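Source file: model-v8.csv. Holds: CSV, C-alpha atoms.
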```
chain,number,residue,atom,x,y,z
D,409,MET,CA,0.0,0.0,0.0
D,410,CYS,CA,1.3,3.5,-0.8
D,411,THR,CA,2.2,5.8,2.1
D,412,GLY,CA,-0.5,8.3,0.9
D,413,LYS,CA,-3.3,5.8,0.8
D,414,CYS,CA,-2.2,4.3,4.1
D,415,ALA,CA,-2.1,7.8,5.7
D,416,ARG,CA,-5.6,8.5,4.4
D,417,PHE,CA,-7.0,5.2,5.8
D,418,LEU,CA,-5.2,5.8,9.2
D,419,GLY,CA,-6.5,9.4,9.3
D,420,LEU,CA,-10.1,8.4,8.6
D,421,SER,CA,-9.9,5.7,11.3
D,422,LEU,CA,-8.4,8.2,13.8
D,423,ILE,CA,-11.2,10.7,13.1
D,424,SER,CA,-13.8,8.0,13.7
D,425,LEU,CA,-12.2,6.9,16.9
D,426,SER,CA,-11.9,10.5,18.1
D,427,LEU,CA,-15.6,11.1,17.6
D,428,LEU,CA,-16.4,7.9,19.4
D,429,CYS,CA,-14.3,9.0,22.4
D,430,ILE,CA,-16.0,12.4,22.5
D,431,VAL,CA,-19.5,10.8,22.5
D,432,ALA,CA,-18.5,8.3,25.2
D,433,ASN,CA,-17.1,11.1,27.4
D,434,ALA,CA,-20.3,13.1,26.9
D,435,LEU,CA,-22.4,10.1,27.9
D,436,LEU,CA,-20.3,9.7,31.1
D,437,LEU,CA,-21.4,13.2,32.1
D,438,VAL,CA,-25.1,12.2,32.0
D,439,PRO,CA,-25.6,8.8,33.7
D,440,LYS,CA,-28.5,7.0,32.1
D,441,GLY,CA,-29.0,10.0,29.8
D,442,LYS,CA,-30.3,12.2,32.7
D,443,THR,CA,-28.7,15.4,33.9
D,444,THR,CA,-30.0,14.9,37.4
D,445,TRP,CA,-26.6,13.8,38.7
D,446,THR,CA,-24.4,16.0,36.5
D,447,ASN,CA,-22.5,18.0,39.1
D,448,ILE,CA,-19.1,18.0,40.7
D,449,ASP,CA,-20.3,16.1,43.8
D,450,ASN,CA,-22.0,13.2,42.0
D,451,LEU,CA,-19.6,12.2,39.3
D,452,SER,CA,-16.1,10.7,39.6
D,453,LEU,CA,-13.0,12.7,39.1
D,454,GLU,CA,-12.1,10.6,36.0
D,455,VAL,CA,-15.3,11.8,34.3
D,456,TRP,CA,-14.5,15.4,35.0
D,457,LEU,CA,-10.9,15.0,33.7
D,458,MET,CA,-12.5,14.7,30.2
D,459,ALA,CA,-10.0,12.2,28.9
D,460,GLY,CA,-12.3,11.0,26.1
D,461,PHE,CA,-13.1,14.6,25.1
D,462,ILE,CA,-9.6,16.1,25.3
D,463,GLY,CA,-7.1,13.2,25.0
D,464,GLY,CA,-8.9,10.6,22.9
D,465,GLY,CA,-11.0,13.2,21.1
D,466,LEU,CA,-9.5,16.6,20.3
D,467,MET,CA,-5.9,15.5,20.6
D,468,ILE,CA,-6.6,12.7,18.1
D,469,LEU,CA,-8.7,14.7,15.8
D,470,CYS,CA,-5.7,16.8,14.8
D,471,PRO,CA,-3.5,13.9,13.7
D,472,GLY,CA,-6.4,12.3,12.0
D,473,ILE,CA,-7.0,15.4,9.9
D,474,SER,CA,-3.3,15.8,9.3
D,475,ALA,CA,-3.0,12.2,8.1
D,476,VAL,CA,-5.9,12.6,5.7
D,477,ARG,CA,-4.3,15.7,4.3
D,478,ALA,CA,-1.0,14.0,4.0
D,479,GLY,CA,-2.7,11.2,2.1
D,480,GLY,CA,-3.8,13.7,-0.6
D,481,LYS,CA,-1.8,14.7,-3.6
D,482,GLY,CA,0.9,17.3,-3.3
D,483,CYS,CA,0.0,21.0,-3.7
D,484,CYS,CA,1.3,21.0,-7.3
D,485,GLY,CA,0.1,17.5,-8.3
D,486,ALA,CA,2.2,14.4,-8.7
D,487,GLY,CA,5.9,14.7,-8.0
D,488,CYS,CA,5.6,17.8,-5.8
D,489,CYS,CA,7.4,18.2,-2.4
D,490,GLY,CA,4.2,19.5,-0.9
D,491,ASN,CA,3.1,15.9,0.1
D,492,ARG,CA,6.5,15.3,1.8
D,493,CYS,CA,6.0,18.4,3.9
D,494,ARG,CA,2.5,17.3,4.9
D,495,MET,CA,3.9,13.9,5.8
D,496,LEU,CA,6.5,15.6,8.0
D,497,SER,CA,3.7,17.6,9.6
D,498,SER,CA,1.8,14.4,10.2
D,499,ILE,CA,4.7,12.8,12.1
D,500,PHE,CA,4.6,15.6,14.7
D,501,SER,CA,0.9,15.6,14.8
D,502,SER,CA,0.8,11.9,15.3
D,503,ALA,CA,3.3,12.1,18.1
D,504,PHE,CA,1.0,14.7,19.7
D,505,GLY,CA,-1.9,12.3,19.2
D,506,LEU,CA,0.0,9.6,21.0
D,507,LEU,CA,0.2,11.8,24.1
D,508,GLY,CA,-3.5,12.3,24.0
D,509,ALA,CA,-4.3,8.6,23.5
D,510,ILE,CA,-2.0,7.7,26.4
D,511,TYR,CA,-3.8,10.3,28.6
D,512,CYS,CA,-7.2,8.9,27.7
D,513,LEU,CA,-5.9,5.3,28.4
D,514,SER,CA,-4.5,6.3,31.8
D,515,VAL,CA,-7.5,8.2,33.0
D,516,SER,CA,-10.0,5.7,31.7
D,517,GLY,CA,-8.1,2.8,33.2
D,518,ALA,CA,-8.0,4.6,36.5
D,519,GLY,CA,-11.8,5.2,36.2
D,520,LEU,CA,-12.3,1.5,35.7
D,521,ARG,CA,-10.1,0.5,38.6
D,522,ARG,CA,-11.6,2.9,41.1
D,523,GLY,CA,-15.2,2.6,40.0
D,524,PRO,CA,-17.9,5.2,39.9
D,525,ARG,CA,-18.8,7.8,42.6
D,526,CYS,CA,-22.3,7.0,43.7
D,527,LEU,CA,-24.8,7.3,46.6
D,528,ASN,CA,-23.9,4.6,49.1
D,529,HIS,CA,-25.6,4.4,52.5
D,530,GLY,CA,-26.6,8.1,52.3
D,531,ASN,CA,-23.1,9.4,51.3
D,532,TRP,CA,-21.6,10.1,47.9
D,533,ASN,CA,-18.3,8.2,47.7
D,534,TYR,CA,-16.4,5.6,45.9
D,535,PRO,CA,-17.6,2.2,47.3
D,536,PHE,CA,-15.3,0.2,45.0
D,537,LYS,CA,-12.1,2.2,45.6
D,538,GLU,CA,-10.5,-0.4,47.9
D,539,THR,CA,-11.4,-3.4,45.6
D,540,SER,CA,-8.5,-2.7,43.1
D,541,GLY,CA,-11.0,-3.3,40.3
D,542,SER,CA,-12.2,-6.7,41.5
D,543,TYR,CA,-15.8,-5.3,41.5
D,544,LEU,CA,-15.7,-5.6,37.7
D,545,LEU,CA,-16.0,-9.4,38.0
D,546,ASN,CA,-18.4,-9.4,41.0
D,547,HIS,CA,-21.7,-8.1,39.7
D,548,THR,CA,-23.4,-8.6,43.1
D,549,GLN,CA,-21.3,-5.7,44.5
D,550,TRP,CA,-22.8,-3.4,41.9
D,551,SER,CA,-25.9,-3.0,44.0
D,552,LEU,CA,-23.9,-1.0,46.5
D,553,CYS,CA,-24.6,2.1,44.3
D,554,GLU,CA,-28.1,3.3,45.1
D,555,GLU,CA,-28.0,6.4,42.8
D,556,PRO,CA,-27.6,7.1,39.9
D,557,PRO,CA,-29.4,3.9,38.9
D,558,ASP,CA,-27.2,1.4,37.0
D,559,VAL,CA,-24.2,3.8,37.2
D,560,VAL,CA,-21.7,0.9,37.5
D,561,SER,CA,-22.7,-0.7,34.3
D,562,TRP,CA,-22.9,2.7,32.6
D,563,ASN,CA,-19.4,3.6,33.7
D,564,VAL,CA,-17.9,0.2,33.1
D,565,THR,CA,-19.3,0.1,29.5
D,566,LEU,CA,-18.2,3.7,28.6
D,567,PHE,CA,-14.8,3.6,30.3
D,568,SER,CA,-14.1,0.2,28.7
D,569,LEU,CA,-15.0,1.7,25.3
D,570,LEU,CA,-12.6,4.6,26.0
D,571,VAL,CA,-9.8,2.1,27.0
D,572,ALA,CA,-10.3,0.1,23.8
D,573,ALA,CA,-10.5,3.2,21.6
D,574,SER,CA,-7.4,4.7,23.1
D,575,CYS,CA,-5.5,1.5,22.6
D,576,LEU,CA,-6.4,1.5,18.9
D,577,GLU,CA,-5.5,5.2,18.7
D,578,ILE,CA,-2.1,4.5,20.2
D,579,LEU,CA,-1.5,1.8,17.6
D,580,LEU,CA,-2.8,3.8,14.7
D,581,CYS,CA,-0.8,6.9,15.6
D,582,GLY,CA,2.3,4.8,16.0
D,583,VAL,CA,1.7,3.2,12.5
D,584,GLN,CA,1.2,6.7,11.1
D,585,VAL,CA,4.5,8.0,12.5
D,586,VAL,CA,6.3,5.1,10.8
D,587,ASN,CA,4.2,5.5,7.6
D,588,ALA,CA,4.8,9.3,7.4
D,589,THR,CA,8.5,8.8,8.1
D,590,ILE,CA,8.7,6.5,5.1
D,591,GLY,CA,6.6,9.0,3.1
D,592,VAL,CA,9.0,11.8,3.9
D,593,PHE,CA,12.2,9.9,2.9
D,594,CYS,CA,10.8,7.7,0.1
D,595,GLY,CA,7.9,9.7,-1.2
D,596,ASP,CA,4.5,8.3,-2.3
D,597,CYS,CA,4.4,5.4,-4.8
D,598,ARG,CA,1.4,7.0,-6.5
D,599,LYS,CA,3.6,9.5,-8.4
D,600,LYS,CA,5.3,6.5,-10.2
D,601,GLN,CA,2.1,5.2,-11.6
D,602,GLY,CA,2.1,7.2,-14.8
D,603,ALA,CA,0.1,10.3,-15.8
D,604,PRO,CA,-3.0,11.2,-13.9
D,605,HIS,CA,-6.3,10.3,-15.5
```
Give the structure from this file in structure tokens form.
Amino acid sequence: MCTGKCARFLGLSLISLSLLCIVANALLLVPKGKTTWTNIDNLSLEVWLMAGFIGGGLMILCPGISAVRAGGKGCCGAGCCGNRCRMLSSIFSSAFGLLGAIYCLSVSGAGLRRGPRCLNHGNWNYPFKETSGSYLLNHTQWSLCEEPPDVVSWNVTLFSLLVAASCLEILLCGVQVVNATIGVFCGDCRKKQGAPH
């Protein structure tokens, strides 16, 4: 596969994953789709850190767009150095995206390990904080959270989605760094395929 086509595919994949992370983070702010519990005292710190919105979302959207642009033809058509410059820009942008994806992975993993903040025996706290994540396998403990209803399954689903998406983002950004480096030094094979149609 040519470096340009590969960059375009990776960029579109990163854009899709970034939008997924933004939506997942937005849903974490409204447990069960209701704003009743959306305040600083009722949601966990990991939700308010906005890892899906900032790290897995906006910080990945930039390298995604950069990779799509790098996958286009050069500014002067085939054989122009414009595409190599965009590939170079994509290297730096993808490195920036790696930081965002690592941030999303770290915060989301911590959110899964610590569990949600919920109403437990009349107090808002983290009832699963001391379980080191073992509550994930013991569904009978999930009833410790009285409000918001089903907040444990809500958080587990969305934070798991963020963990999986950020792992894919790390992989795709890493591949794009390698792909763009090859594109900078070797160019894009499309310019060798004869005259444009």
Point to revise | Test item: residues at most 8 Å from Cys512 in chain D, all atoms listed in the file, excluding those fewer than 3 positions along its chain, as a list in words | key: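 In the requested format, the answer is Ala459, Gly460, Ile462, Gly463, Gly464, Gly508, Ala509, Val515, Ser516, Leu570, Val571 and Ser574 of chain D.
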Prev. selection, C-alpha atoms, output as a PDB file, keeping the file's coordinate frame:
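New file result.pdb:
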```
ATOM      1  CA  ALA D 459     -10.000  12.200  28.900  1.00  0.00           C
ATOM      2  CA  GLY D 460     -12.300  11.000  26.100  1.00  0.00           C
ATOM      3  CA  ILE D 462      -9.600  16.100  25.300  1.00  0.00           C
ATOM      4  CA  GLY D 463      -7.100  13.200  25.000  1.00  0.00           C
ATOM      5  CA  GLY D 464      -8.900  10.600  22.900  1.00  0.00           C
ATOM      6  CA  GLY D 508      -3.500  12.300  24.000  1.00  0.00           C
ATOM      7  CA  ALA D 509      -4.300   8.600  23.500  1.00  0.00           C
ATOM      8  CA  VAL D 515      -7.500   8.200  33.000  1.00  0.00           C
ATOM      9  CA  SER D 516     -10.000   5.700  31.700  1.00  0.00           C
ATOM     10  CA  LEU D 570     -12.600   4.600  26.000  1.00  0.00           C
ATOM     11  CA  VAL D 571      -9.800   2.100  27.000  1.00  0.00           C
ATOM     12  CA  SER D 574      -7.400   4.700  23.100  1.00  0.00           C
TER      13      SER D 574
END
```
Revision key, fill the gap. Between CA of Asn546 in chain D and CA of Leu453 in chain D lies a distance of 22.8 Å
Check your understanding: Taking all atoms listed in the file into account, which of D:Ala434, D:Ala478, D:Val564, D:Leu513 comes nearest Leu496 in chain D?
Key -> D:Ala478
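If you measure from each of D:Leu418, D:Ala475, D:Met458, D:Leu466 to Ser514 in chain D using all atoms listed in the file, the closest one turns out to be D:Met458.
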Review point. How far is it from CA of Tyr534 in chain D to CA of Tyr511 in chain D, in Å with one decimal?
Key: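 Taking CA of Tyr534 in chain D as the start and CA of Tyr511 in chain D as the end point, the length is 21.9 Å.
Distance check against Tyr543 in chain D using all atoms listed in the file: of D:Leu520, D:Leu527, D:Val583, D:Leu507, the minimum falls on D:Leu520.
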Missing atoms in range 455-481 of chain D should be modelled up to N, CA, C and O atoms and reported as a compact mmCIF listing (two decimals), in the coordinates of the input.
```
# COMPACT_ATOMS: atom_id res chain seq x y z
N VAL D 455 -14.33 11.22 35.27
CA VAL D 455 -15.30 11.80 34.30
C VAL D 455 -14.99 13.22 34.04
O VAL D 455 -14.98 13.68 32.89
N TRP D 456 -14.71 13.98 35.10
CA TRP D 456 -14.50 15.40 35.00
C TRP D 456 -13.10 15.72 34.34
O TRP D 456 -12.88 16.84 33.86
N LEU D 457 -12.18 14.79 34.32
CA LEU D 457 -10.90 15.00 33.70
C LEU D 457 -11.03 15.03 32.13
O LEU D 457 -10.08 15.39 31.43
N MET D 458 -12.17 14.62 31.63
CA MET D 458 -12.50 14.70 30.20
C MET D 458 -11.46 14.04 29.29
O MET D 458 -11.11 14.55 28.24
N ALA D 459 -10.98 12.87 29.71
CA ALA D 459 -10.00 12.20 28.90
C ALA D 459 -10.47 11.79 27.54
O ALA D 459 -9.73 11.84 26.56
N GLY D 460 -11.74 11.39 27.44
CA GLY D 460 -12.30 11.00 26.10
C GLY D 460 -12.49 12.23 25.24
O GLY D 460 -12.30 12.15 24.04
N PHE D 461 -12.85 13.35 25.83
CA PHE D 461 -13.10 14.60 25.10
C PHE D 461 -11.77 15.22 24.63
O PHE D 461 -11.57 15.53 23.47
N ILE D 462 -10.86 15.39 25.60
CA ILE D 462 -9.60 16.10 25.30
C ILE D 462 -8.57 15.13 24.71
O ILE D 462 -8.08 15.36 23.60
N GLY D 463 -8.22 14.06 25.44
CA GLY D 463 -7.10 13.20 25.00
C GLY D 463 -7.50 12.31 23.82
O GLY D 463 -6.85 12.36 22.78
N GLY D 464 -8.53 11.49 23.97
CA GLY D 464 -8.90 10.60 22.90
C GLY D 464 -9.71 11.25 21.80
O GLY D 464 -9.88 10.70 20.72
N GLY D 465 -10.20 12.47 22.07
CA GLY D 465 -11.00 13.20 21.10
C GLY D 465 -10.27 14.25 20.35
O GLY D 465 -9.77 14.02 19.25
N LEU D 466 -10.15 15.44 20.96
CA LEU D 466 -9.50 16.60 20.30
C LEU D 466 -8.07 16.36 19.91
O LEU D 466 -7.63 16.75 18.83
N MET D 467 -7.32 15.73 20.84
CA MET D 467 -5.90 15.50 20.60
C MET D 467 -5.65 14.44 19.51
O MET D 467 -4.55 14.32 18.98
N ILE D 468 -6.67 13.66 19.19
CA ILE D 468 -6.60 12.70 18.10
C ILE D 468 -7.18 13.19 16.83
O ILE D 468 -6.78 12.78 15.73
N LEU D 469 -8.12 14.09 16.95
CA LEU D 469 -8.70 14.70 15.80
C LEU D 469 -7.67 15.40 14.91
O LEU D 469 -7.69 15.31 13.68
N CYS D 470 -6.74 16.08 15.56
CA CYS D 470 -5.70 16.80 14.80
C CYS D 470 -4.81 15.87 13.99
O CYS D 470 -4.64 16.12 12.80
N PRO D 471 -4.25 14.79 14.57
CA PRO D 471 -3.50 13.90 13.70
C PRO D 471 -4.30 13.17 12.66
O PRO D 471 -3.80 12.83 11.59
N GLY D 472 -5.57 12.95 12.97
CA GLY D 472 -6.40 12.30 12.00
C GLY D 472 -6.60 13.18 10.75
O GLY D 472 -6.45 12.72 9.62
N ILE D 473 -6.88 14.46 10.98
CA ILE D 473 -7.00 15.40 9.90
C ILE D 473 -5.71 15.58 9.13
O ILE D 473 -5.65 15.60 7.90
N SER D 474 -4.62 15.66 9.91
CA SER D 474 -3.30 15.80 9.30
C SER D 474 -2.94 14.61 8.43
O SER D 474 -2.38 14.76 7.35
N ALA D 475 -3.28 13.42 8.88
CA ALA D 475 -3.00 12.20 8.10
C ALA D 475 -3.82 12.16 6.82
O ALA D 475 -3.31 11.76 5.77
N VAL D 476 -5.08 12.57 6.90
CA VAL D 476 -5.90 12.60 5.70
C VAL D 476 -5.34 13.59 4.70
O VAL D 476 -5.26 13.30 3.50
N ARG D 477 -4.92 14.75 5.19
CA ARG D 477 -4.30 15.70 4.30
C ARG D 477 -3.00 15.22 3.71
O ARG D 477 -2.69 15.46 2.54
N ALA D 478 -2.22 14.51 4.52
CA ALA D 478 -1.00 14.00 4.00
C ALA D 478 -1.20 12.88 2.96
O ALA D 478 -0.36 12.64 2.11
N GLY D 479 -2.35 12.26 3.02
CA GLY D 479 -2.70 11.20 2.10
C GLY D 479 -3.16 11.77 0.73
O GLY D 479 -3.31 11.03 -0.24
N GLY D 480 -3.38 13.10 0.66
CA GLY D 480 -3.80 13.70 -0.60
C GLY D 480 -2.60 13.93 -1.51
O GLY D 480 -1.45 13.71 -1.14
N LYS D 481 -2.88 14.38 -2.72
CA LYS D 481 -1.80 14.70 -3.60
C LYS D 481 -1.10 15.95 -3.23
O LYS D 481 -1.68 16.79 -2.56
```
